[in-house]
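Enquirer: File follows, run.cif with mmCIF, C-alpha atoms and all ligand atoms:
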data_input
#
loop_
_atom_site.label_atom_id
_atom_site.label_comp_id
_atom_site.auth_asym_id
_atom_site.auth_seq_id
_atom_site.Cartn_x
_atom_site.Cartn_y
_atom_site.Cartn_z
CA MET H 1 12.13 70.62 25.65
CA SER H 2 14.90 73.02 26.66
CA PRO H 3 17.79 73.63 24.21
CA ARG H 4 20.23 72.41 26.90
CA PHE H 5 18.38 69.12 27.25
CA LEU H 6 18.29 68.75 23.46
CA ASN H 7 22.02 69.47 23.16
CA ARG H 8 22.84 66.86 25.83
CA HIS H 9 20.45 64.40 24.21
CA ASN H 10 22.01 64.95 20.76
CA ALA H 11 25.52 64.64 22.20
CA ARG H 12 24.57 61.25 23.72
CA ILE H 13 23.12 60.06 20.42
CA GLU H 14 26.34 61.12 18.63
CA ASP H 15 28.42 59.35 21.29
CA PHE H 16 26.34 56.22 20.86
CA ALA H 17 26.63 56.43 17.06
CA ALA H 18 30.42 56.77 17.38
CA THR H 19 30.59 53.70 19.65
CA VAL H 20 28.46 51.67 17.25
CA ALA H 21 30.70 52.80 14.38
CA GLU H 22 33.78 51.72 16.32
CA ILE H 23 32.31 48.26 17.04
CA GLU H 24 31.27 47.95 13.41
CA ASN H 25 34.79 48.85 12.25
CA ARG H 26 36.42 46.35 14.59
CA LEU H 27 34.05 43.59 13.44
CA ARG H 28 34.79 44.48 9.83
CA ARG H 29 38.50 44.17 10.50
CA LEU H 30 37.91 40.72 11.94
CA ALA H 31 35.67 39.81 8.98
CA ALA H 32 38.38 41.05 6.61
CA ILE H 33 40.85 38.53 8.06
CA GLY H 34 38.39 35.69 7.68
CA CYS H 35 36.69 35.53 11.07
CA ARG H 36 33.10 34.24 10.81
CA GLY H 37 31.09 34.12 14.04
CA PHE H 38 32.16 33.40 17.59
CA ASP H 39 32.30 30.28 19.69
CA CYS H 40 34.06 29.64 22.99
CA SER H 41 35.76 26.32 22.31
CA GLU H 42 39.41 25.92 23.34
CA THR H 43 40.43 26.00 19.67
CA SER H 44 38.60 29.28 19.11
CA LEU H 45 40.01 30.83 22.26
CA LYS H 46 43.50 29.95 21.05
CA THR H 47 42.69 31.49 17.66
CA ILE H 48 41.42 34.66 19.33
CA LYS H 49 44.81 35.04 21.02
CA THR H 50 46.42 35.33 17.60
CA TRP H 51 43.96 37.85 16.16
CA GLY H 52 46.17 40.83 16.86
CA HIS H 53 48.97 39.23 14.85
CA LYS H 54 46.62 38.28 12.03
CA ILE H 55 45.32 41.82 11.80
CA THR H 56 48.85 43.19 11.34
CA SER H 57 49.85 40.50 8.87
CA ALA H 58 46.74 40.70 6.70
CA PRO H 59 45.76 44.37 6.52
CA GLU H 60 42.72 45.43 4.54
CA THR H 61 42.97 47.87 1.63
CA LEU H 62 42.37 51.60 1.70
CA LYS H 63 39.63 51.02 -0.87
CA VAL H 64 37.69 48.81 1.55
CA ILE H 65 38.11 51.37 4.33
CA ARG H 66 36.95 54.22 2.07
CA ASN H 67 33.99 52.10 1.11
CA ASP H 68 33.07 51.49 4.76
CA LEU H 69 33.28 55.20 5.46
CA GLY H 70 30.70 55.75 2.72
CA ASP H 71 28.79 59.02 2.80
CA CYS H 72 29.67 59.28 6.49
CA ARG H 73 27.09 60.83 8.83
CA ARG H 74 28.71 59.67 12.07
CA CYS H 75 29.15 63.18 13.45
CA ARG H 76 27.82 66.70 13.00
CA LEU H 77 30.67 67.75 10.67
CA SER H 78 28.98 65.87 7.83
CA GLY H 79 26.31 68.59 7.81
CA GLY H 80 28.70 71.34 6.71
CA ARG H 81 31.13 69.58 4.44
CA LYS H 82 31.30 69.58 0.66
CA ASN H 83 33.67 66.60 0.40
CA ILE H 84 35.08 63.94 2.68
CA VAL H 85 38.88 64.30 2.69
CA PHE H 86 39.94 60.69 3.10
CA GLY H 87 43.66 60.96 2.30
CA SER H 88 45.92 60.77 -0.73
CA GLY H 89 49.19 59.29 -1.88
CA ASP H 90 50.85 55.89 -2.01
CA PRO H 91 48.75 53.19 -0.26
CA HIS H 92 52.04 51.46 0.60
CA ALA H 93 53.98 54.55 1.61
CA LYS H 94 56.91 54.27 4.01
CA LEU H 95 56.03 57.69 5.37
CA VAL H 96 52.62 59.04 6.39
CA PHE H 97 51.92 62.69 7.25
CA VAL H 98 48.94 63.31 9.54
CA GLY H 99 47.49 66.81 9.82
CA GLU H 100 44.55 68.19 11.77
CA GLY H 101 41.62 68.40 9.40
CA PRO H 102 40.56 69.83 6.06
CA GLY H 103 40.32 73.57 5.54
CA TYR H 104 38.27 75.40 2.90
CA GLU H 105 40.39 74.39 -0.13
CA GLU H 106 40.64 70.79 1.00
CA ASP H 107 36.88 70.60 1.54
CA GLN H 108 36.28 72.03 -1.92
CA ARG H 109 38.61 69.57 -3.62
CA GLY H 110 38.30 66.51 -1.40
CA GLU H 111 42.10 66.33 -1.06
CA PRO H 112 44.31 66.97 1.97
CA PHE H 113 46.79 69.83 2.16
CA VAL H 114 46.08 71.61 -1.11
CA GLY H 115 45.81 75.18 0.24
CA ALA H 116 48.63 77.52 1.29
CA ALA H 117 49.80 75.23 4.12
CA GLY H 118 49.60 72.32 1.69
CA GLN H 119 51.92 74.05 -0.77
CA LEU H 120 54.46 74.45 2.00
CA LEU H 121 54.02 70.79 2.98
CA THR H 122 54.68 69.83 -0.66
CA LYS H 123 57.98 71.77 -0.51
CA ILE H 124 58.91 70.08 2.79
CA ILE H 125 58.23 66.67 1.23
CA GLN H 126 60.36 67.58 -1.79
CA ALA H 127 63.14 68.80 0.50
CA ILE H 128 63.42 65.29 1.94
CA ASN H 129 63.63 63.88 -1.60
CA TYR H 130 60.10 62.52 -1.85
CA THR H 131 57.05 63.54 -3.85
CA ARG H 132 53.49 63.81 -2.59
CA GLU H 133 52.70 60.68 -4.60
CA GLN H 134 55.37 58.69 -2.75
CA VAL H 135 54.07 59.46 0.73
CA TYR H 136 50.56 59.28 2.19
CA ILE H 137 48.85 62.41 3.52
CA CYS H 138 45.77 62.41 5.72
CA ASN H 139 44.23 64.10 8.73
CA ILE H 140 42.88 63.33 12.19
CA ILE H 141 39.41 64.22 10.93
CA LYS H 142 38.04 63.88 7.45
CA CYS H 143 35.47 66.70 7.31
CA ARG H 144 36.04 70.44 7.63
CA PRO H 145 34.93 71.92 10.95
CA PRO H 146 32.88 75.12 10.62
CA GLU H 147 35.07 78.26 10.59
CA ASN H 148 38.06 75.90 10.88
CA ARG H 149 37.46 75.53 14.62
CA ASN H 150 39.28 72.77 16.50
CA PRO H 151 37.65 69.36 16.12
CA ARG H 152 35.64 68.23 19.18
CA PRO H 153 36.32 65.00 21.10
CA ASP H 154 33.25 63.18 19.75
CA GLU H 155 34.18 64.17 16.17
CA ILE H 156 37.70 62.82 16.67
CA LYS H 157 36.28 59.65 18.20
CA ALA H 158 33.97 59.08 15.23
CA CYS H 159 36.87 59.42 12.77
CA ALA H 160 39.58 57.63 14.78
CA PRO H 161 38.75 54.02 13.78
CA PHE H 162 39.12 54.95 10.12
CA LEU H 163 42.48 56.64 10.61
CA GLU H 164 43.65 53.61 12.64
CA ARG H 165 42.56 51.29 9.85
CA GLN H 166 44.27 53.46 7.23
CA ILE H 167 47.54 53.32 9.17
CA ALA H 168 47.16 49.55 9.70
CA ALA H 169 46.54 49.10 5.96
CA ILE H 170 49.48 51.27 4.85
CA LYS H 171 51.88 49.91 7.48
CA PRO H 172 54.31 52.82 7.13
CA ASP H 173 57.77 52.78 8.67
CA LEU H 174 57.25 56.29 9.99
CA ILE H 175 54.52 58.78 10.77
CA CYS H 176 55.04 62.52 10.88
CA ALA H 177 52.39 64.29 12.98
CA LEU H 178 51.88 67.85 11.79
CA GLY H 179 51.17 70.31 14.58
CA THR H 180 49.90 70.33 18.12
CA PHE H 181 46.54 68.88 17.41
CA ALA H 182 47.67 65.83 15.42
CA ALA H 183 50.57 65.10 17.78
CA GLN H 184 48.50 65.44 20.95
CA THR H 185 45.64 63.37 19.55
CA LEU H 186 47.79 60.51 18.24
CA LEU H 187 50.00 60.42 21.32
CA GLU H 188 47.11 60.98 23.75
CA THR H 189 48.95 63.71 25.58
CA GLN H 190 48.51 67.36 26.43
CA LYS H 191 52.22 68.16 26.14
CA PRO H 192 52.96 71.16 23.91
CA ILE H 193 54.30 70.55 20.40
CA SER H 194 57.48 72.43 21.34
CA LYS H 195 58.20 69.58 23.82
CA LEU H 196 56.97 66.74 21.60
CA ARG H 197 58.77 67.68 18.37
CA GLY H 198 62.30 66.64 17.61
CA SER H 199 62.11 63.12 19.01
CA PHE H 200 60.48 59.87 18.02
CA HIS H 201 57.41 58.49 19.81
CA GLN H 202 55.25 55.43 19.13
CA TYR H 203 51.78 55.17 17.63
CA MET H 204 50.31 51.69 16.99
CA GLY H 205 53.85 50.33 17.21
CA ILE H 206 55.09 52.72 14.50
CA ARG H 207 57.70 55.43 15.06
CA LEU H 208 56.09 58.84 15.06
CA LEU H 209 57.87 62.17 14.79
CA PRO H 210 55.87 65.29 15.64
CA THR H 211 56.81 68.59 14.03
CA TYR H 212 55.29 72.03 13.60
CA HIS H 213 52.27 72.39 11.32
CA PRO H 214 53.00 74.09 7.97
CA ALA H 215 50.26 76.65 8.69
CA TYR H 216 52.16 77.59 11.86
CA LEU H 217 55.33 77.94 9.77
CA LEU H 218 53.55 80.38 7.47
CA ARG H 219 52.90 82.57 10.52
CA ASN H 220 56.30 81.89 12.16
CA PRO H 221 58.89 81.40 9.40
CA ALA H 222 61.71 81.35 11.97
CA LYS H 223 60.47 77.91 13.07
CA LYS H 224 61.29 76.44 9.65
CA ARG H 225 64.79 75.81 10.98
CA ASP H 226 63.37 73.45 13.66
CA VAL H 227 61.25 71.64 11.08
CA TRP H 228 64.31 71.14 8.90
CA GLU H 229 66.11 69.58 11.89
CA ASP H 230 63.11 67.25 12.33
CA MET H 231 63.07 66.40 8.62
CA LYS H 232 66.76 65.47 8.74
CA LYS H 233 65.90 62.98 11.50
CA LEU H 234 63.07 61.60 9.35
CA MET H 235 65.43 61.16 6.38
CA GLN H 236 67.97 59.40 8.56
CA ALA H 237 65.30 57.08 9.96
CA LEU H 238 63.97 56.32 6.47
CA LYS H 239 67.36 55.13 5.19
N1 LIG I 1 45.59 71.73 7.52
C1 LIG I 1 45.49 70.45 7.93
O1 LIG I 1 45.77 70.12 9.08
N2 LIG I 1 45.07 69.54 7.03
C2 LIG I 1 44.77 69.84 5.77
O2 LIG I 1 44.40 68.94 5.02
C3 LIG I 1 44.90 71.19 5.38
C4 LIG I 1 45.31 72.11 6.27
#
The structure in this file should be written as structure tokens.
Expert:
Amino acid sequence: MSPRFLNRHNARIEDFAATVAEIENRLRRLAAIGCRGFDCSETSLKTIKTWGHKITSAPETLKVIRNDLGDCRRCRLSGGRKNIVFGSGDPHAKLVFVGEGPGYEEDQRGEPFVGAAGQLLTKIIQAINYTREQVYICNIIKCRPPENRNPRPDEIKACAPFLERQIAAIKPDLICALGTFAAQTLLETQKPISKLRGSFHQYMGIRLLPTYHPAYLLRNPAKKRDVWEDMKKLMQALK
């Protein structure tokens, strides 16, 4: 078999695995709110109409979601990781920060934003009068991509149901998307971060403010001024 055929074949298997994982996650969410089996009676159809509301009023816990993730092998990134970086902080935080994905330090420690960019994020959080323990920090993807390359669409797709469930469980008032990649992925847009930052958008019915990634700020300190403007808006919105 040619390597091209094998690559395509493997990509399809990964796609299929991601779809199965998504269905499994959705069924688990239904199971978590007490749904057992399906029938098509009028009563059940009426109940189905209310499922969306039930999901938001009875969210599952982060513990259950972490458990479902298990020793995840849903995409190729599992092959190169040391640790899954699930997320850290207050499970009931009013504010959630979403970054791109773990780097070397994060992979080593199994915690998000603990390297150089993470130290700057900690200072940003403190500047808005919070601590890391009072917010929740996570990423679009939970495993480190090799050489810190950008995550691929099928890798994002495999991780997305878990991030969605985390956000649904935390029910924050606000989300801050850190950097181009997180903002574009969550908002399903190709617009540049320079256009997205500075104003509020919506993700799963929650207000989302994109800003520059702390790693970008380390390379472009002049942009810290813009991030501070964004953080003032976050503080105002959190009042
Ligand atoms: N950059 C990210 O986007 N996330 C991390 O967890 C660390 C660095």
Enquirer: Can I get the residues of chain H within 6 Å of ligand LIG 1 (chain I), each with the closest pair of atoms and their distance in Å to one decimal, using only C-alpha atoms and all ligand atoms, sorted chain first then ascending number, as JSON lines?
Expert:
{"residue": "H:Gly99", "atom": "CA", "partner": "I:LIG1", "partner_atom": "O1", "distance": 3.8}
{"residue": "H:Glu100", "atom": "CA", "partner": "I:LIG1", "partner_atom": "O1", "distance": 3.5}
{"residue": "H:Gly101", "atom": "CA", "partner": "I:LIG1", "partner_atom": "N2", "distance": 4.3}
{"residue": "H:Pro102", "atom": "CA", "partner": "I:LIG1", "partner_atom": "O2", "distance": 4.1}
{"residue": "H:Gly103", "atom": "CA", "partner": "I:LIG1", "partner_atom": "C3", "distance": 5.2}
{"residue": "H:Glu106", "atom": "CA", "partner": "I:LIG1", "partner_atom": "O2", "distance": 5.8}
{"residue": "H:Pro112", "atom": "CA", "partner": "I:LIG1", "partner_atom": "O2", "distance": 3.6}
{"residue": "H:Phe113", "atom": "CA", "partner": "I:LIG1", "partner_atom": "O2", "distance": 3.8}
{"residue": "H:Ala117", "atom": "CA", "partner": "I:LIG1", "partner_atom": "C4", "distance": 5.9}
{"residue": "H:Asn139", "atom": "CA", "partner": "I:LIG1", "partner_atom": "N2", "distance": 5.8}
Enquirer: Between H:Arg152, H:Lys94, H:Lys157, H:Lys123, which residue has the minimum interatomic distance to H:Leu238, considering only C-alpha atoms?
Expert: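 Smallest separation from H:Leu238 among the options: H:Lys94.
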Enquirer: Using all atoms listed in the file, find the one residue out of H:Ala158, H:Ala127, H:Met204, H:Leu234 that sits nearest to H:Glu188.
Expert: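 Nearest candidate to H:Glu188 out of H:Ala158, H:Ala127, H:Met204, H:Leu234: H:Met204.
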Enquirer: Show me, as an MDAnalysis selection string, the residues that have an atom within 9 Å of H:Ile170 when counting all atoms listed in the file, minus same-chain residues fewer than 4 positions from it.
Expert: chainID H and resid 59:62 90:94 96 136 165:166
Enquirer: Mind checking which residues fall within 12 Å of H:His201, counting all atoms listed in the file, ignoring those fewer than 3 positions away in the same chain, and posting them as a VMD selection string?
Expert: chain H and resid 174 to 177 183 to 184 186 to 189 195 to 198 204 to 211
Enquirer: Please indicate the distance in Å from atom CA of H:His213 to atom CA of H:Thr180, rounded to one decimal place.
Expert: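 These atoms are spaced 7.5 Å apart.
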Enquirer: Find the distance between atom CA of H:Asn83 and atom CA of H:Pro172 and write it in Å to one decimal.
Expert: 25.7 Å
Enquirer: Which distance in Å separates atom CA of H:Lys63 and atom CA of H:Val98, to one decimal?
Expert: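 Here the two named atoms are 18.6 Å from each other.
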Enquirer: Could you tell me which of H:Ala168, H:Ile125, H:Cys72, H:Leu95 comes closest to H:Lys142 if we count all atoms listed in the file?
Expert: H:Cys72
Enquirer: Determine the nearest neighbour of H:Ile140 from the options H:Asp173, H:Glu229, H:Glu164, H:Asp71, counting all atoms listed in the file.
Expert: H:Glu164
Enquirer: From the set H:Pro214, H:Pro145, H:Gly89, H:Gly79, which residue has the shortest atom-to-atom contact distance to H:Gln119, counting all atoms listed in the file?
Expert: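 For H:Gln119, the nearest of the candidates is H:Pro214.
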Enquirer: Could you name the residues that touch H:Tyr212 at 7 Å or less, counting all atoms listed in the file, but leaving out those on the same chain fewer than 3 positions away, as JSON, numbers by chain?
Expert: {"H": [178, 179, 216, 227]}
Enquirer: Ranking H:Cys138, H:Leu69, H:Cys143, H:Ala182 by minimum distance to H:Ile84 and counting only C-alpha atoms, which one comes first?
Expert: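 Using only C-alpha atoms, H:Ile84 sits closest to H:Cys143.
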Enquirer: Can you sort out stretch 153-164 of chain H so it carries all heavy atoms, written as a JSON list (two decimals), in the coordinates of the input?
Expert:
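The resulting part-v3.json:
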[["chain", "number", "residue", "atom", "x", "y", "z"],
["H", 153, "PRO", "N", 35.98, 66.39, 20.76],
["H", 153, "PRO", "CA", 36.32, 65.00, 21.10],
["H", 153, "PRO", "C", 35.42, 63.96, 20.42],
["H", 153, "PRO", "O", 35.92, 62.94, 19.94],
["H", 153, "PRO", "CB", 36.16, 64.96, 22.62],
["H", 153, "PRO", "CG", 36.42, 66.37, 23.05],
["H", 153, "PRO", "CD", 35.90, 67.24, 21.95],
["H", 154, "ASP", "N", 34.11, 64.21, 20.35],
["H", 154, "ASP", "CA", 33.25, 63.18, 19.75],
["H", 154, "ASP", "C", 33.47, 63.09, 18.24],
["H", 154, "ASP", "O", 33.30, 62.02, 17.64],
["H", 154, "ASP", "CB", 31.76, 63.44, 20.08],
["H", 154, "ASP", "CG", 31.27, 64.76, 19.54],
["H", 154, "ASP", "OD1", 32.01, 65.76, 19.67],
["H", 154, "ASP", "OD2", 30.17, 64.80, 18.97],
["H", 155, "GLU", "N", 33.90, 64.19, 17.62],
["H", 155, "GLU", "CA", 34.18, 64.17, 16.17],
["H", 155, "GLU", "C", 35.46, 63.36, 15.92],
["H", 155, "GLU", "O", 35.54, 62.57, 14.97],
["H", 155, "GLU", "CB", 34.33, 65.60, 15.65],
["H", 155, "GLU", "CG", 33.02, 66.39, 15.76],
["H", 155, "GLU", "CD", 33.19, 67.90, 15.75],
["H", 155, "GLU", "OE1", 34.34, 68.40, 15.69],
["H", 155, "GLU", "OE2", 32.16, 68.59, 15.82],
["H", 156, "ILE", "N", 36.44, 63.57, 16.81],
["H", 156, "ILE", "CA", 37.70, 62.82, 16.67],
["H", 156, "ILE", "C", 37.43, 61.33, 16.87],
["H", 156, "ILE", "O", 37.93, 60.48, 16.13],
["H", 156, "ILE", "CB", 38.72, 63.31, 17.73],
["H", 156, "ILE", "CG1", 39.04, 64.78, 17.50],
["H", 156, "ILE", "CG2", 39.99, 62.48, 17.69],
["H", 156, "ILE", "CD1", 39.76, 65.42, 18.66],
["H", 157, "LYS", "N", 36.58, 61.04, 17.87],
["H", 157, "LYS", "CA", 36.28, 59.65, 18.20],
["H", 157, "LYS", "C", 35.58, 58.94, 17.02],
["H", 157, "LYS", "O", 35.84, 57.77, 16.73],
["H", 157, "LYS", "CB", 35.38, 59.62, 19.44],
["H", 157, "LYS", "CG", 35.49, 58.37, 20.24],
["H", 157, "LYS", "CD", 34.77, 58.54, 21.55],
["H", 157, "LYS", "CE", 34.26, 57.22, 22.06],
["H", 157, "LYS", "NZ", 33.29, 57.39, 23.13],
["H", 158, "ALA", "N", 34.70, 59.69, 16.36],
["H", 158, "ALA", "CA", 33.97, 59.08, 15.23],
["H", 158, "ALA", "C", 34.92, 58.76, 14.07],
["H", 158, "ALA", "O", 34.73, 57.78, 13.35],
["H", 158, "ALA", "CB", 32.86, 60.02, 14.77],
["H", 159, "CYS", "N", 35.93, 59.59, 13.89],
["H", 159, "CYS", "CA", 36.87, 59.42, 12.77],
["H", 159, "CYS", "C", 38.02, 58.46, 13.10],
["H", 159, "CYS", "O", 38.58, 57.85, 12.19],
["H", 159, "CYS", "CB", 37.48, 60.77, 12.41],
["H", 159, "CYS", "SG", 37.03, 61.37, 10.77],
["H", 160, "ALA", "N", 38.36, 58.35, 14.38],
["H", 160, "ALA", "CA", 39.58, 57.63, 14.78],
["H", 160, "ALA", "C", 39.68, 56.20, 14.24],
["H", 160, "ALA", "O", 40.75, 55.80, 13.76],
["H", 160, "ALA", "CB", 39.72, 57.63, 16.30],
["H", 161, "PRO", "N", 38.60, 55.40, 14.28],
["H", 161, "PRO", "CA", 38.75, 54.02, 13.78],
["H", 161, "PRO", "C", 39.17, 53.97, 12.32],
["H", 161, "PRO", "O", 39.88, 53.05, 11.91],
["H", 161, "PRO", "CB", 37.34, 53.42, 13.95],
["H", 161, "PRO", "CG", 36.62, 54.32, 14.87],
["H", 161, "PRO", "CD", 37.25, 55.67, 14.77],
["H", 162, "PHE", "N", 38.76, 54.96, 11.55],
["H", 162, "PHE", "CA", 39.12, 54.95, 10.12],
["H", 162, "PHE", "C", 40.59, 55.31, 9.93],
["H", 162, "PHE", "O", 41.28, 54.70, 9.12],
["H", 162, "PHE", "CB", 38.19, 55.89, 9.34],
["H", 162, "PHE", "CG", 36.78, 55.38, 9.33],
["H", 162, "PHE", "CD1", 35.86, 55.80, 10.27],
["H", 162, "PHE", "CD2", 36.41, 54.41, 8.42],
["H", 162, "PHE", "CE1", 34.58, 55.28, 10.29],
["H", 162, "PHE", "CE2", 35.13, 53.88, 8.43],
["H", 162, "PHE", "CZ", 34.21, 54.31, 9.37],
["H", 163, "LEU", "N", 41.05, 56.29, 10.71],
["H", 163, "LEU", "CA", 42.48, 56.64, 10.61],
["H", 163, "LEU", "C", 43.34, 55.44, 11.06],
["H", 163, "LEU", "O", 44.32, 55.09, 10.40],
["H", 163, "LEU", "CB", 42.78, 57.87, 11.47],
["H", 163, "LEU", "CG", 44.25, 58.31, 11.49],
["H", 163, "LEU", "CD1", 44.73, 58.65, 10.08],
["H", 163, "LEU", "CD2", 44.47, 59.49, 12.42],
["H", 164, "GLU", "N", 42.91, 54.80, 12.16],
["H", 164, "GLU", "CA", 43.65, 53.61, 12.64],
["H", 164, "GLU", "C", 43.72, 52.55, 11.55],
["H", 164, "GLU", "O", 44.77, 51.94, 11.31],
["H", 164, "GLU", "CB", 42.94, 52.99, 13.85],
["H", 164, "GLU", "CG", 43.31, 53.63, 15.16],
["H", 164, "GLU", "CD", 42.47, 53.05, 16.29],
["H", 164, "GLU", "OE1", 42.06, 51.87, 16.22],
["H", 164, "GLU", "OE2", 42.20, 53.81, 17.23]]
